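Q: See query.txt below, with compact mmCIF, C-alpha atoms and all ligand atoms.
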# COMPACT_ATOMS: atom_id res chain seq x y z
CA MET R 564 86.13 130.15 -203.94
CA PRO R 565 84.55 133.50 -203.02
CA HIS R 566 84.88 135.06 -206.51
CA LEU R 567 82.25 132.67 -207.82
CA THR R 568 79.66 134.07 -205.45
CA ARG R 569 80.33 137.57 -206.84
CA THR R 570 79.92 136.55 -210.47
CA HIS R 571 77.93 139.01 -212.52
CA PRO R 572 75.13 137.42 -214.59
CA THR R 573 76.77 138.64 -217.85
CA HIS R 574 79.85 136.64 -216.98
CA ALA R 575 77.94 133.42 -216.40
CA LEU R 576 79.00 131.80 -219.66
CA ALA R 577 82.66 132.66 -219.09
CA VAL R 578 82.49 131.28 -215.57
CA ALA R 579 80.82 128.10 -216.78
CA LEU R 580 83.58 127.72 -219.35
CA LEU R 581 86.24 128.34 -216.73
CA LEU R 582 84.60 125.85 -214.37
CA SER R 583 84.47 123.15 -217.02
CA LEU R 584 88.12 123.81 -217.88
CA LEU R 585 89.02 123.48 -214.20
CA TRP R 586 86.95 120.31 -214.01
CA ILE R 587 88.77 118.86 -217.03
CA ALA R 588 92.11 119.94 -215.57
CA GLY R 589 91.09 118.31 -212.28
CA TRP R 590 90.41 115.11 -214.17
CA ALA R 591 93.79 115.24 -215.84
CA MET R 592 95.76 116.11 -212.71
CA PRO R 593 95.60 113.13 -210.32
CA THR R 594 94.31 113.99 -206.88
CA PRO R 595 96.84 112.85 -204.30
CA VAL R 596 95.56 109.75 -202.48
CA ALA R 597 97.69 110.46 -199.46
CA ALA R 598 100.69 112.50 -198.53
CA ARG R 599 103.17 112.31 -195.67
CA GLY R 600 106.35 114.33 -195.36
CA THR R 601 107.72 114.72 -198.82
CA VAL R 602 105.97 111.64 -200.22
CA THR R 603 102.70 112.04 -202.13
CA LEU R 604 100.73 108.98 -203.21
CA LEU R 605 99.03 109.75 -206.53
CA GLU R 606 97.60 106.31 -207.11
CA SER R 607 97.44 103.12 -205.09
CA THR R 608 95.12 100.47 -206.48
CA ALA R 609 94.76 96.74 -206.98
CA THR R 610 92.60 94.90 -209.47
CA ALA R 611 91.82 91.18 -209.36
CA THR R 612 90.97 89.17 -212.49
CA PHE R 613 89.99 85.57 -211.82
CA ASP R 614 92.48 82.92 -212.96
CA SER R 615 94.66 85.63 -214.47
CA ASP R 616 96.17 88.13 -212.08
CA VAL R 617 96.00 90.47 -209.16
CA THR R 618 97.76 93.65 -210.26
CA PHE R 619 98.95 96.25 -207.74
CA THR R 620 99.65 99.75 -209.11
CA LEU R 621 101.49 102.60 -207.44
CA ASP R 622 102.15 106.14 -208.63
CA VAL R 623 104.15 108.10 -206.10
CA ARG R 624 105.99 111.44 -206.03
CA SER R 625 108.56 113.09 -203.81
CA PRO R 626 110.56 116.26 -204.59
CA THR R 627 113.58 114.71 -202.89
CA GLY R 628 113.24 111.62 -205.08
CA ILE R 629 111.86 108.12 -204.51
CA ALA R 630 114.66 105.64 -203.82
CA GLU R 631 112.95 102.35 -202.94
CA VAL R 632 109.48 100.83 -203.07
CA ASP R 633 108.30 97.61 -201.41
CA LEU R 634 104.85 96.09 -201.86
CA LEU R 635 103.48 94.21 -198.85
CA TYR R 636 100.44 91.98 -199.20
CA GLY R 637 98.80 89.29 -197.10
CA SER R 638 95.58 87.37 -196.61
CA GLY R 639 94.36 87.34 -193.05
CA GLY R 640 96.46 87.73 -189.97
CA ASN R 641 99.45 89.98 -189.59
CA SER R 642 101.93 88.25 -191.86
CA TYR R 643 102.73 89.96 -195.13
CA THR R 644 104.72 88.98 -198.18
CA ILE R 645 107.29 91.69 -198.95
CA VAL R 646 108.09 92.32 -202.60
CA PRO R 647 110.95 94.78 -203.24
CA LEU R 648 110.11 96.36 -206.59
CA PRO R 649 112.83 97.24 -209.07
CA ILE R 650 112.75 101.01 -209.68
CA THR R 651 115.08 103.72 -210.95
CA PRO R 652 115.24 106.48 -208.31
CA ALA R 653 113.32 109.54 -209.58
CA PRO R 654 111.03 112.32 -208.25
CA GLN R 655 108.01 110.40 -209.57
CA VAL R 656 107.80 106.63 -209.79
CA GLN R 657 105.09 104.47 -211.32
CA VAL R 658 105.30 100.79 -210.60
CA GLN R 659 103.15 97.67 -210.97
CA HIS R 660 103.33 94.20 -209.50
CA ARG R 661 101.42 91.29 -210.98
CA LEU R 662 100.55 88.27 -208.89
CA ASP R 663 99.71 85.14 -210.87
CA PRO R 664 97.11 83.04 -208.99
CA ARG R 665 98.03 80.04 -211.16
CA ILE R 666 101.45 80.12 -209.51
CA PHE R 667 100.58 81.57 -206.08
CA TYR R 668 97.24 79.88 -205.47
CA LEU R 669 94.41 82.07 -204.18
CA PRO R 670 91.05 80.58 -203.20
CA PRO R 671 87.98 82.44 -204.44
CA GLY R 672 86.71 85.09 -202.05
CA VAL R 673 90.06 85.76 -200.43
CA ASP R 674 90.64 89.33 -199.26
CA LEU R 675 94.17 90.53 -199.87
CA THR R 676 95.33 93.40 -197.70
CA TYR R 677 98.18 95.44 -199.13
CA TYR R 678 100.26 98.54 -198.54
CA TRP R 679 103.50 100.13 -199.75
CA LEU R 680 106.74 100.96 -198.00
CA ILE R 681 108.36 103.91 -199.75
CA ARG R 682 111.80 105.40 -199.00
CA ASP R 683 112.91 108.74 -200.36
CA THR R 684 116.51 109.59 -201.25
CA ASP R 685 116.97 111.26 -197.83
CA GLY R 686 116.20 107.92 -196.18
CA ASN R 687 112.74 108.88 -194.88
CA GLU R 688 110.41 105.90 -194.83
CA TYR R 689 106.70 106.11 -195.46
CA ALA R 690 104.12 103.31 -195.07
CA SER R 691 100.86 103.83 -196.94
CA GLU R 692 97.43 103.08 -195.48
CA ARG R 693 96.32 99.46 -195.69
CA GLN R 694 93.90 98.76 -198.56
CA SER R 695 92.24 95.55 -199.68
CA VAL R 696 91.17 93.78 -202.83
CA THR R 697 88.94 90.69 -203.06
CA TYR R 698 89.79 87.89 -205.48
CA MET R 699 86.45 86.52 -206.69
CA ASP R 700 85.55 83.72 -209.08
CA THR R 701 83.90 86.00 -211.64
CA ARG R 702 82.95 83.11 -213.95
CA PHE R 703 79.61 82.97 -212.12
CA ALA R 704 76.94 85.47 -211.04
CA TRP R 705 77.01 84.80 -207.31
CA GLN R 706 74.03 85.43 -205.06
CA GLU R 707 74.84 85.93 -201.40
CA ARG R 708 73.22 85.89 -197.98
CA SER R 709 74.67 86.60 -194.57
CA GLU R 710 73.78 85.96 -190.97
CA ARG R 711 76.00 86.39 -187.93
CA ASN R 712 79.58 85.86 -189.08
CA VAL R 713 78.70 83.63 -192.06
CA THR R 714 78.12 84.59 -195.72
CA VAL R 715 77.03 81.98 -198.26
CA TYR R 716 77.48 82.36 -202.03
CA TRP R 717 75.72 80.34 -204.73
CA TYR R 718 74.93 80.88 -208.41
CA GLU R 719 72.57 78.04 -209.32
CA GLY R 720 69.31 77.57 -207.51
CA ASN R 721 66.84 79.93 -205.93
CA ALA R 722 66.68 81.85 -202.66
CA ALA R 723 65.50 78.72 -200.83
CA PHE R 724 68.77 76.99 -201.72
CA GLY R 725 70.69 79.92 -200.25
CA GLU R 726 68.49 79.69 -197.18
CA GLU R 727 69.33 75.98 -196.87
CA LEU R 728 73.05 76.71 -197.13
CA LEU R 729 72.92 79.50 -194.57
CA GLY R 730 70.62 77.63 -192.19
CA THR R 731 72.89 74.56 -192.21
CA ALA R 732 75.95 76.73 -191.58
CA ILE R 733 74.36 78.62 -188.69
CA ARG R 734 73.17 75.37 -187.07
CA THR R 735 76.75 74.04 -187.18
CA VAL R 736 78.24 77.23 -185.73
CA ASN R 737 75.68 77.28 -182.90
CA ARG R 738 76.27 73.60 -182.18
CA MET R 739 80.04 73.98 -182.09
CA GLU R 740 79.87 77.05 -179.86
CA ALA R 741 77.89 74.97 -177.36
CA GLU R 742 80.17 71.91 -177.65
CA LEU R 743 83.43 73.81 -177.41
CA GLY R 744 82.09 76.37 -174.93
CA THR R 745 83.61 79.23 -176.92
CA PRO R 746 82.03 82.00 -178.99
CA VAL R 747 82.78 81.92 -182.73
CA SER R 748 82.90 85.27 -184.47
CA GLY R 749 85.57 85.20 -187.19
CA PRO R 750 84.19 85.89 -190.68
CA ILE R 751 83.38 82.78 -192.74
CA LYS R 752 82.59 82.67 -196.48
CA ILE R 753 81.07 79.60 -198.13
CA PHE R 754 81.12 79.27 -201.94
CA MET R 755 78.89 76.49 -203.26
CA TYR R 756 79.57 75.34 -206.81
CA ALA R 757 76.97 73.45 -208.83
CA SER R 758 79.36 70.92 -210.37
CA GLY R 759 82.76 69.36 -209.88
CA GLN R 760 83.91 70.83 -213.16
CA ASP R 761 82.93 74.34 -212.03
CA MET R 762 84.68 73.93 -208.69
CA ARG R 763 87.86 72.41 -210.09
CA GLY R 764 88.50 75.70 -211.92
CA ALA R 765 88.80 77.32 -208.50
CA LEU R 766 90.95 74.66 -206.83
CA ARG R 767 94.70 74.29 -206.76
CA ALA R 768 95.92 72.74 -210.00
CA ASN R 769 97.05 69.46 -208.36
CA SER R 770 94.00 68.89 -206.13
CA VAL R 771 92.84 65.29 -205.69
CA GLU R 772 90.08 64.30 -208.07
CA TRP R 773 87.56 63.12 -205.50
CA VAL R 774 87.58 66.20 -203.32
CA GLY R 775 83.98 67.31 -202.68
CA GLY R 776 84.78 70.35 -200.66
CA GLN R 777 87.70 72.20 -199.23
CA ALA R 778 88.21 74.45 -196.25
CA PHE R 779 90.88 77.14 -195.94
CA PRO R 780 90.83 77.50 -192.16
CA GLY R 781 93.28 80.40 -191.90
CA LEU R 782 91.20 82.38 -194.40
CA GLY R 783 87.74 81.39 -193.19
CA ILE R 784 86.84 80.22 -196.71
CA ILE R 785 84.99 77.08 -197.79
CA ILE R 786 84.41 75.91 -201.32
CA GLY R 787 82.18 72.94 -202.08
CA ILE R 788 79.93 71.28 -204.63
CA ALA R 789 76.20 70.77 -204.18
CA VAL R 790 73.54 70.70 -206.85
CA PRO R 791 70.58 72.86 -205.83
CA GLY R 792 67.93 70.62 -204.31
CA ASN R 793 70.49 68.14 -202.98
CA VAL R 794 69.83 69.00 -199.37
CA ALA R 795 71.56 65.84 -198.14
CA GLU R 796 74.82 66.86 -199.79
CA VAL R 797 74.59 70.42 -198.41
CA ARG R 798 74.15 68.92 -194.95
CA ARG R 799 77.15 66.66 -195.48
CA ILE R 800 79.62 69.18 -196.91
CA VAL R 801 78.76 72.43 -195.13
CA PRO R 802 78.98 71.14 -191.53
CA HIS R 803 82.11 69.11 -192.34
CA GLU R 804 84.10 71.97 -193.84
CA LEU R 805 82.69 74.50 -191.40
CA SER R 806 83.87 72.32 -188.53
CA HIS R 807 87.47 72.73 -189.77
CA ILE R 808 87.11 76.52 -189.94
CA VAL R 809 85.47 76.91 -186.54
CA LEU R 810 87.96 74.57 -184.86
CA HIS R 811 90.82 76.58 -186.33
CA GLN R 812 89.28 79.85 -185.12
CA VAL R 813 88.80 78.41 -181.64
CA LEU R 814 92.10 76.54 -181.25
CA ASP R 815 94.59 78.52 -183.30
CA ASN R 816 97.65 79.52 -181.33
CA PRO R 817 101.19 80.34 -182.42
CA TYR R 818 102.81 77.51 -180.47
CA GLY R 819 101.18 74.25 -181.40
CA GLY R 820 98.58 72.36 -183.34
CA TRP R 821 96.09 69.60 -182.70
CA PRO R 822 95.97 66.10 -184.16
CA LEU R 823 94.42 65.56 -187.56
CA TRP R 824 92.25 62.72 -186.21
CA PHE R 825 90.65 65.22 -183.81
CA ASP R 826 90.03 67.75 -186.59
CA GLU R 827 88.68 65.28 -189.17
CA GLY R 828 86.86 63.23 -186.54
CA LEU R 829 84.93 66.30 -185.39
CA ALA R 830 84.28 67.34 -189.00
CA VAL R 831 82.65 63.98 -189.79
CA TYR R 832 80.86 64.05 -186.42
CA HIS R 833 79.25 67.40 -187.32
CA GLN R 834 77.95 66.20 -190.70
CA GLU R 835 74.17 66.11 -190.63
CA THR R 836 74.34 63.57 -193.47
CA PRO R 837 76.63 60.69 -192.48
CA ASP R 838 79.09 59.02 -194.81
CA ILE R 839 77.70 55.63 -195.77
CA GLY R 840 80.15 52.78 -195.55
CA PHE R 841 82.33 54.05 -192.72
CA ASP R 842 81.01 51.45 -190.26
CA THR R 843 81.70 48.59 -192.70
CA LEU R 844 85.17 49.91 -193.41
CA LEU R 845 85.92 50.19 -189.70
CA ASN R 846 84.60 46.76 -188.76
CA ASP R 847 86.41 45.09 -191.67
CA ALA R 848 89.68 46.75 -190.65
CA ALA R 849 89.16 45.68 -187.02
CA ARG R 850 88.51 42.06 -188.03
CA SER R 851 91.50 41.95 -190.37
CA ASP R 852 93.67 43.73 -187.77
CA THR R 853 94.52 46.53 -190.19
CA LEU R 854 93.35 49.49 -188.13
CA ILE R 855 95.76 52.42 -188.21
CA PRO R 856 97.37 53.34 -184.86
CA LEU R 857 95.85 56.55 -183.50
CA GLU R 858 99.30 58.09 -183.21
CA ALA R 859 99.87 57.62 -186.95
CA LEU R 860 96.76 59.71 -187.68
CA ALA R 861 98.12 62.78 -185.92
CA ALA R 862 99.76 64.64 -188.76
CA SER R 863 98.57 63.29 -192.11
CA PHE R 864 96.31 60.67 -193.68
CA PRO R 865 97.44 58.05 -196.20
CA THR R 866 97.15 58.97 -199.87
CA ASP R 867 95.78 55.51 -200.75
CA THR R 868 92.01 56.07 -201.08
CA ASN R 869 90.85 53.10 -198.97
CA ARG R 870 93.35 53.81 -196.19
CA ALA R 871 92.38 57.51 -196.34
CA LEU R 872 88.71 56.63 -195.94
CA LEU R 873 89.58 54.29 -193.09
CA SER R 874 91.42 57.21 -191.48
CA TYR R 875 88.27 59.36 -191.63
CA ALA R 876 86.18 56.49 -190.29
CA GLN R 877 88.60 55.83 -187.40
CA SER R 878 88.88 59.53 -186.54
CA HIS R 879 85.12 59.89 -186.46
CA SER R 880 84.72 56.75 -184.37
CA MET R 881 87.33 57.99 -181.88
CA VAL R 882 85.61 61.37 -181.45
CA VAL R 883 82.25 59.65 -180.91
CA TYR R 884 83.92 57.28 -178.41
CA ILE R 885 85.38 60.23 -176.48
CA ILE R 886 82.07 62.11 -176.35
CA GLU R 887 80.01 59.04 -175.45
CA THR R 888 82.48 57.73 -172.87
CA TYR R 889 83.67 60.94 -171.26
CA GLY R 890 81.03 63.55 -172.17
CA VAL R 891 81.20 66.85 -173.97
CA GLU R 892 82.90 68.52 -170.97
CA LYS R 893 86.00 66.39 -171.55
CA LEU R 894 85.88 67.31 -175.24
CA GLN R 895 85.99 70.95 -174.15
CA GLU R 896 88.89 70.21 -171.81
CA LEU R 897 90.77 68.48 -174.61
CA ALA R 898 90.12 71.42 -176.95
CA ALA R 899 91.31 73.83 -174.26
CA ALA R 900 94.50 71.79 -173.85
CA PHE R 901 95.16 71.92 -177.61
CA ARG R 902 94.46 75.68 -177.58
CA ALA R 903 97.11 75.98 -174.87
CA ALA R 904 99.52 74.16 -177.22
CA THR R 905 99.76 71.12 -174.93
CA PRO R 906 101.44 68.21 -176.77
CA VAL R 907 98.85 65.61 -177.80
CA ALA R 908 100.10 62.76 -175.57
CA VAL R 909 100.26 65.10 -172.56
CA ALA R 910 96.79 66.51 -173.29
CA ILE R 911 95.27 63.01 -173.47
CA GLU R 912 96.95 61.99 -170.22
CA GLN R 913 95.86 65.23 -168.54
CA VAL R 914 92.21 65.07 -169.63
CA PHE R 915 91.47 61.32 -169.54
CA GLY R 916 94.09 60.08 -167.07
CA ILE R 917 95.29 57.43 -169.55
CA SER R 918 97.97 57.35 -172.23
CA LEU R 919 97.34 57.80 -175.95
CA ASP R 920 97.98 54.08 -176.49
CA GLU R 921 95.58 53.17 -173.69
CA LEU R 922 92.91 55.42 -175.22
CA ASP R 923 93.54 53.77 -178.60
CA ALA R 924 93.31 50.29 -177.03
CA ALA R 925 90.12 51.17 -175.11
CA TRP R 926 88.52 52.43 -178.32
CA ARG R 927 89.65 49.30 -180.23
CA SER R 928 87.98 47.12 -177.62
CA THR R 929 84.60 48.53 -178.76
CA LEU R 930 85.16 47.09 -182.26
CA PRO R 931 85.07 43.45 -183.44
CA ALA R 932 88.15 41.48 -182.38
CA PRO R 933 90.72 40.53 -185.02
CA GLU R 934 89.71 37.21 -186.60
CA ARG R 935 93.29 35.95 -186.49
CA ALA R 936 94.71 37.54 -183.39
CA ALA R 937 98.45 38.11 -183.25
CA PRO R 938 100.34 35.92 -180.73
CA PRO R 939 100.20 37.55 -177.30
CA LEU R 940 103.26 39.56 -176.33
CA GLU R 941 104.39 38.97 -172.77
CA GLY R 942 104.66 41.94 -170.48
CA GLY R 943 103.05 44.51 -172.70
CA PRO R 944 99.60 45.93 -173.29
CA SER R 945 97.38 43.10 -174.47
CA ARG R 946 96.24 44.92 -177.59
CA ALA R 947 99.41 46.65 -178.76
CA PRO R 948 99.04 46.65 -182.54
CA ALA R 949 101.83 44.72 -184.18
CA ASP R 950 101.61 46.69 -187.39
CA ARG R 951 102.66 49.96 -185.78
CA PHE R 952 106.28 48.85 -186.13
CA SER R 953 106.03 47.61 -189.68
CA SER R 954 106.59 49.80 -192.69
CA GLY R 955 102.89 49.34 -193.36
CA THR R 956 100.89 49.75 -196.51
CA PRO R 957 102.46 51.91 -199.22
CA GLY R 958 101.27 55.45 -198.74
CA LEU R 959 100.81 55.15 -194.99
CA PRO R 960 102.61 57.74 -192.95
CA THR R 961 105.51 56.16 -191.10
CA PRO R 962 104.26 55.47 -187.59
CA HIS R 963 106.27 57.33 -185.01
CA LEU R 964 106.89 56.04 -181.54
CA GLY R 965 105.37 57.68 -178.53
CA ASP R 966 106.67 57.56 -174.99
CA GLY R 967 105.39 54.00 -174.55
CA GLY R 968 106.87 53.01 -177.88
CA TYR R 969 110.46 53.41 -176.76
CA PHE R 970 109.89 50.86 -174.03
CA TRP R 971 108.58 48.47 -176.61
CA LEU R 972 111.42 49.15 -178.95
CA SER R 973 114.09 48.58 -176.33
CA THR R 974 112.69 45.42 -174.78
CA LEU R 975 110.67 43.69 -177.45
CA LEU R 976 112.18 44.76 -180.74
CA VAL R 977 112.97 41.30 -182.09
CA PRO R 978 109.68 39.50 -181.33
CA VAL R 979 107.74 42.56 -182.46
CA LEU R 980 109.55 42.68 -185.78
CA ILE R 981 108.80 39.00 -186.35
CA VAL R 982 105.15 39.57 -185.54
CA ALA R 983 105.14 42.59 -187.82
CA TRP R 984 106.68 40.55 -190.62
CA LEU R 985 104.07 37.83 -190.16
CA GLY R 986 101.41 40.54 -190.07
CA SER R 987 102.59 42.05 -193.32
CA LEU R 988 102.64 38.62 -194.97
CA ARG R 989 99.05 38.14 -193.84
CA ARG R 990 98.08 41.53 -195.29
CA MET R 991 99.74 40.75 -198.58
CA THR R 992 97.85 37.51 -199.05
CA ARG R 993 94.52 38.78 -197.77
CA PRO R 994 92.18 39.81 -200.60
CA THR R 995 91.57 43.55 -200.69
CA PRO R 996 88.17 44.73 -199.43
CA ASP R 997 85.74 45.00 -202.27
CA ASP R 998 83.80 47.96 -200.83
CA PRO R 999 83.86 50.76 -203.40
CA PRO R 1000 85.42 53.96 -202.01
CA GLU R 1001 83.01 56.61 -200.82
CA GLU R 1002 83.66 60.02 -202.20
CA GLU R 1003 84.58 62.14 -199.25
CA GLY R 1004 85.41 65.75 -199.06
ZN ZN R 1101 87.82 67.21 -193.57
Using structure tokens, write down the structure from this file.
Ligand SMILES: [Zn+2]
A:
Amino acid sequence: MPHLTRTHPTHALAVALLLSLLWIAGWAMPTPVAARGTVTLLESTATATFDSDVTFTLDVRSPTGIAEVDLLYGSGGNSYTIVPLPITPAPQVQVQHRLDPRIFYLPPGVDLTYYWLIRDTDGNEYASERQSVTYMDTRFAWQERSERNVTVYWYEGNAAFGEELLGTAIRTVNRMEAELGTPVSGPIKIFMYASGQDMRGALRANSVEWVGGQAFPGLGIIIGIAVPGNVAEVRRIVPHELSHIVLHQVLDNPYGGWPLWFDEGLAVYHQETPDIGFDTLLNDAARSDTLIPLEALAASFPTDTNRALLSYAQSHSMVVYIIETYGVEKLQELAAAFRAATPVAVAIEQVFGISLDELDAAWRSTLPAPERAAPPLEGGPSRAPADRFSSGTPGLPTPHLGDGGYFWLSTLLVPVLIVAWLGSLRRMTRPTPDDPPEEEG
């Protein structure tokens, strides 16, 4: 503005007045955020209020008229939710969209990326720049510390507690990089709550009561409970949940998954504080012939607490068996096969040279023998579990038959069903184990 430089001193007051008027006018007239073609973005914002809403606001103008507006938002990755917003076509359109996190659950710390697709009345389409908003649990004054790709958040306890959280996390990441032979660089956020009550406010409304921690692998977010000073609990929860995140970052592919027993088994294996009672649970189940077939632990764990804990114990034991029997190189090979979306049974066969059932049987042979062994079945594997064909305990996932299973089904269906029926009778009359359930997260 060259005229300002030529201002005569006597006009200084007038100029100052003019400047302040311009400044006020500038305040009142929104500065365009972005413009392309005929479309001018006057405002594009999002605000997040914990446990209430994430509100996206758009104010947009086009002399030819705005005809349609879509909001696109997503959390990590390239998939977006598209929300067509109801508008009346006009030269200027102001629109808001409110997301309710009590309906569409959002974990604390999640970054939502969003942008707008705007069409004018001439049919020109305009996509705004991508912006982001972070949904934080603002009930607490979080402290944070970062190293490498990991950031830890805590609100109770001093800097040393944060150091303990971060140190434990970094140890786990380093260890897993070495085990899996793959660098880990995706961002990871860990939120540590000081009580179950505090954390439950940040969990999905229907979360199980005994959950001690939760990982959101696709988002790289972990939430957990540990009272400052409880180093043992930090070293139990952080490596466990971190294991899920790192494994997801290393194995994720668009074509296939990996079995749950592998994921949970590794998570328990990485805990620096072990879960007490797993060995007892495992040995009791082996003696009473109530172990769960490995194949049934591929997709989900039982909802019954004792059977769920047994599932964790079995998964852990299987991972330890694989590492101790075959070495960490074979673990890497197995991980690589899962990353390449190889079906589980094929991956096992490829890496170990035996079938899934044979691996299961070999692992079972390291445990105590059943105290009342089932009658031997002629012609089949000596340790084929009879209960894999029964409907099992309520809450157990229905066992599905693998390649070997069809042979069994076609040739030995009748005797197997009788054995299964006898087995279920035995389970019904056997007293339930009196071990109290361990809280596991
Ligand atoms: Zn887990």
Q: So that I can check the surroundings of R:Pro670, please list as a ChimeraX atom specification every protein, DNA and RNA residue that reaches within 7 Å of it, counting only C-alpha atoms and ignoring chain neighbours fewer than 3 positions away.
A: /R:673,765-766
Q: Restrict the calculation to all atoms listed in the file, then for each residue of chain R with any atom at most 8 Å from an atom of ligand ZN 1101 (chain R) give the closest atom pair and their distance in Å to one decimal, rows by chain and rising residue number, as CSV.
A:
residue,atom,partner,partner_atom,distance
R:Gln777,CA,R:ZN1101,ZN,7.5
R:Ala778,CA,R:ZN1101,ZN,7.7
R:His803,CA,R:ZN1101,ZN,6.1
R:Glu804,CA,R:ZN1101,ZN,6.0
R:His807,CA,R:ZN1101,ZN,6.7
R:Asp826,CA,R:ZN1101,ZN,7.3
R:Glu827,CA,R:ZN1101,ZN,4.9
R:Ala830,CA,R:ZN1101,ZN,5.8
R:Val831,CA,R:ZN1101,ZN,7.2
R:Gly1004,CA,R:ZN1101,ZN,6.2
Q: Find, counting only C-alpha atoms, the residue in R:Asp761, R:Asp685, R:Asp842, R:Glu631 that gets nearest to R:Tyr718.
A: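 The shortest atom-to-atom distance to R:Tyr718 comes from R:Asp761.
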Q: Determine, counting only C-alpha atoms, which protein, DNA and RNA residues have an atom within 10 Å of an atom of R:Leu810; residues of the same chain fewer than 2 positions away are not included. Present the result as a ChimeraX atom specification.
A: /R:739-740,743,747,780,805-808,812-815,821,825-826,829-830,898,902
Q: Could you please determine the separation between atom CA of R:Ser642 and atom CA of R:Arg682 in Å, to one decimal place?
A: 21.0 Å
Q: I'd like to know which of R:Glu606, R:Asp614, R:Glu710, R:Asp923 is closest to R:Ile751, using all atoms listed in the file.
A: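 Of R:Glu606, R:Asp614, R:Glu710, R:Asp923, the one nearest R:Ile751 is R:Glu710, counting all atoms listed in the file.
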Q: Which residue, R:Glu892, R:Asp663, R:Glu692, R:Glu719, has the smallest gap to R:Asn793 when you use all atoms listed in the file?
A: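 The shortest atom-to-atom distance to R:Asn793 comes from R:Glu719.
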Q: If you measure from atom CA of R:Pro791 to atom CA of R:Asn721, what distance in Å do you get, rounded to one decimal?
A: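 Value for the atom CA of R:Pro791-atom CA of R:Asn721 distance: 8.0 Å.
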Q: Choose the residue, out of R:Leu680, R:Leu894, R:Arg661, R:Ser758, that has the smallest atom-to-atom separation from R:Ile645; count all atoms listed in the file.
A: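 Closest to R:Ile645 of all the choices is R:Leu680.
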Q: Using all atoms listed in the file, can you tell me which of R:Gly749, R:Gly828, R:Pro664, R:Pro865 comes closest to R:Arg767?
A: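 Answer, going by the shortest atom-to-atom distance: R:Pro664.
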Q: I'd like the neighbourhood of R:Ala795 as a PyMOL selection string, where a residue qualifies if any of its atoms comes within 8 Å (using all atoms listed in the file), though same-chain residues fewer than 2 positions away should be ignored.
A: chain R and resi 793+797-799+835-836
Q: Point out the residue among R:Gln659, R:Ser638, R:Thr731, R:Thr676 with the least atom-to-atom distance to R:Gly781, counting all atoms listed in the file.
A: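 Looking at the shortest contact to R:Gly781, the residue is R:Ser638.
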Q: Once you've located stretch 854-884 of chain R in the structure I gave, write it as a short mmCIF file (atom, residue, chain, number, x, y, z; two decimals), in the first residue's frame, keeping C-alpha atoms.
A:
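Printed below is selection.cif as written:
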data_model
loop_
_atom_site.label_atom_id
_atom_site.label_comp_id
_atom_site.auth_asym_id
_atom_site.auth_seq_id
_atom_site.Cartn_x
_atom_site.Cartn_y
_atom_site.Cartn_z
CA LEU R 854 -7.93 -78.04 25.60
CA ILE R 855 -9.36 -76.02 22.72
CA PRO R 856 -8.31 -77.15 19.21
CA LEU R 857 -5.80 -74.70 17.73
CA GLU R 858 -7.99 -74.28 14.67
CA ALA R 859 -10.86 -73.05 16.85
CA LEU R 860 -8.64 -70.24 18.18
CA ALA R 861 -8.08 -68.74 14.75
CA ALA R 862 -10.84 -66.17 14.57
CA SER R 863 -12.28 -65.50 18.03
CA PHE R 864 -11.97 -66.51 21.67
CA PRO R 865 -14.83 -67.81 23.82
CA THR R 866 -16.80 -65.24 25.79
CA ASP R 867 -16.85 -67.49 28.89
CA THR R 868 -14.12 -66.05 31.14
CA ASN R 869 -12.37 -69.32 32.02
CA ARG R 870 -12.38 -70.56 28.42
CA ALA R 871 -11.17 -67.11 27.28
CA LEU R 872 -8.27 -67.25 29.74
CA LEU R 873 -7.48 -70.79 28.60
CA SER R 874 -7.41 -69.44 25.03
CA TYR R 875 -4.78 -66.84 26.01
CA ALA R 876 -2.79 -69.48 27.89
CA GLN R 877 -2.89 -71.92 24.95
CA SER R 878 -1.99 -69.22 22.42
CA HIS R 879 0.97 -68.13 24.52
CA SER R 880 2.11 -71.71 25.03
CA MET R 881 1.90 -72.38 21.27
CA VAL R 882 4.00 -69.31 20.40
CA VAL R 883 6.62 -70.31 23.00
CA TYR R 884 6.58 -73.87 21.59
#
